[in-house]
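Visitor: So here's my_file07.tsv (TSV, C-alpha atoms).
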chain	number	residue	atom	x	y	z
R	21	MET	CA	5.45	14.74	-1.60
R	22	ILE	CA	5.34	12.17	1.21
R	23	SER	CA	9.03	12.77	1.98
R	24	THR	CA	8.28	16.40	2.90
R	25	LEU	CA	5.25	15.54	5.05
R	26	GLU	CA	5.82	15.41	8.81
R	27	ILE	CA	4.12	12.21	9.95
R	28	GLU	CA	3.40	12.24	13.69
R	29	LYS	CA	1.46	9.00	14.32
R	30	SER	CA	0.56	5.59	12.96
R	31	GLU	CA	-2.34	5.21	10.54
R	32	SER	CA	-2.10	8.73	9.20
R	33	VAL	CA	-0.17	7.87	6.00
R	34	TRP	CA	0.00	4.53	4.22
R	35	VAL	CA	2.13	3.71	1.19
R	36	SER	CA	1.26	0.97	-1.30
R	37	ASP	CA	3.66	-0.99	-3.44
R	38	ILE	CA	3.74	-4.10	-5.58
R	39	THR	CA	6.85	-6.14	-6.26
R	40	TYR	CA	7.78	-9.23	-8.22
R	41	VAL	CA	8.62	-12.20	-5.96
R	42	GLY	CA	8.17	-15.19	-8.26
R	43	THR	CA	10.32	-17.28	-10.53
R	44	ARG	CA	10.17	-17.85	-14.27
R	45	ILE	CA	8.21	-21.03	-13.68
R	46	ASN	CA	5.88	-19.54	-11.05
R	47	PRO	CA	5.54	-15.75	-11.53
R	48	SER	CA	3.99	-13.97	-8.53
R	49	TYR	CA	3.50	-10.40	-7.35
R	50	PHE	CA	3.39	-9.21	-3.74
R	51	ALA	CA	1.12	-6.24	-3.08
R	52	LEU	CA	1.52	-4.52	0.26
R	53	ILE	CA	0.35	-1.54	2.26
R	54	THR	CA	2.89	-0.08	4.70
R	55	ASP	CA	2.29	2.41	7.51
R	56	ALA	CA	4.70	5.28	6.77
R	57	TYR	CA	5.18	6.13	10.47
R	58	SER	CA	5.76	2.70	12.02
R	59	LYS	CA	7.04	1.00	8.83
R	60	LYS	CA	4.78	-1.97	9.61
R	61	ILE	CA	3.04	-3.88	6.83
R	62	VAL	CA	-0.67	-3.41	7.54
R	63	GLY	CA	-2.05	-5.23	4.48
R	64	TYR	CA	-0.73	-7.66	1.87
R	65	ASN	CA	-1.73	-10.01	-0.93
R	66	VAL	CA	0.18	-12.42	-3.17
R	67	VAL	CA	-1.11	-12.62	-6.73
R	68	SER	CA	0.03	-15.19	-9.28
R	69	ASN	CA	0.97	-13.99	-12.74
R	70	SER	CA	-0.89	-10.65	-12.68
R	71	LEU	CA	-0.31	-6.97	-12.00
R	72	ALA	CA	-4.07	-6.36	-11.99
R	73	ALA	CA	-5.43	-3.97	-9.39
R	74	GLU	CA	-7.25	-6.81	-7.61
R	75	GLY	CA	-4.21	-7.80	-5.53
R	76	SER	CA	-3.58	-4.23	-4.38
R	77	LEU	CA	-7.25	-3.75	-3.56
R	78	LYS	CA	-7.28	-6.91	-1.43
R	79	ALA	CA	-4.19	-5.65	0.43
R	80	LEU	CA	-5.95	-2.31	1.01
R	81	GLU	CA	-9.13	-4.06	2.21
R	82	MET	CA	-7.05	-6.05	4.73
R	83	ALA	CA	-5.38	-2.88	5.98
R	84	LEU	CA	-8.67	-1.00	6.31
R	85	ASP	CA	-10.36	-3.92	8.10
R	86	ASN	CA	-7.54	-4.03	10.67
R	87	ARG	CA	-7.32	-0.27	11.16
R	88	VAL	CA	-7.33	0.77	14.84
R	89	TYR	CA	-8.00	4.52	14.47
R	90	LYS	CA	-10.95	4.34	12.09
R	91	GLY	CA	-12.32	7.81	12.86
R	92	TYR	CA	-9.20	9.72	11.82
R	93	PRO	CA	-8.10	10.96	8.37
R	94	LEU	CA	-5.79	8.73	6.35
R	95	ILE	CA	-3.64	9.50	3.30
R	96	ILE	CA	-2.80	6.59	1.01
R	97	CYS	CA	0.06	7.00	-1.48
R	98	ILE	CA	-0.23	4.69	-4.47
R	99	ASP	CA	2.82	3.78	-6.56
R	100	TYR	CA	1.25	4.36	-9.96
R	101	LEU	CA	2.51	1.87	-12.55
R	102	GLY	CA	5.84	1.54	-10.75
R	103	LEU	CA	7.17	4.75	-12.26
R	104	ASP	CA	9.46	7.00	-10.22
R	105	ASN	CA	7.75	10.16	-8.95
R	106	ASN	CA	4.47	9.05	-10.48
R	107	HIS	CA	2.19	8.69	-7.47
R	108	ARG	CA	-1.50	9.12	-6.75
R	109	PHE	CA	-2.97	10.03	-3.37
R	110	ILE	CA	-6.26	9.07	-1.72
R	111	VAL	CA	-7.52	10.80	1.43
R	112	ILE	CA	-9.99	8.93	3.64
R	113	ASN	CA	-11.83	10.79	6.40
Represent the supplied structure as structure tokens.
Guide:
Amino acid sequence: MISTLEIEKSESVWVSDITYVGTRINPSYFALITDAYSKKIVGYNVVSNSLAAEGSLKALEMALDNRVYKGYPLIICIDYLGLDNNHRFIVIN
């Protein structure tokens, strides 16, 4: 759905993702929020040994706290359980 959306400015669509960045000895996950227009990372969090939602929520809190255009609508695409084409969307006005 996001690939067919024409994005015209920053902070109108964000995409979240979580990826494994650790080792076998020190497992870690990197949660990030990326602006779909500028491709800049606007929020992030490193979580040790857990895929719990807490890391993603902290990344989202960072992104929202640093948002420049707070009065404008925002769509957030969430990679749901890491499954292809299994996304959820949140709209913030």
Visitor: Between CA of Asp37 (chain R) and CA of Ile98 (chain R), what distance in Å does the model show, to one decimal?
Guide: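 Computing it gives 7.0 Å between the two atoms.
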Visitor: Find the spatial neighbours of region 46-55 of chain R, counting only C-alpha atoms, within a cut-off of 8 Å - ignore same-chain residues fewer than 2 positions away - and output them as a PyMOL selection string.
Guide: chain R and resi 30-44+57-71+75-76+79-80+83
Visitor: What does the distance from CA of Ile95 (chain R) to CA of Glu26 (chain R) come to in Å, to one decimal?
Guide: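 A separation of 12.4 Å between them.
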Visitor: In Å to one decimal, how far is CA of Lys78 (chain R) from CA of Glu28 (chain R)?
Guide: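 Going from CA of Glu28 (chain R) over to CA of Lys78 (chain R) covers 26.6 Å.
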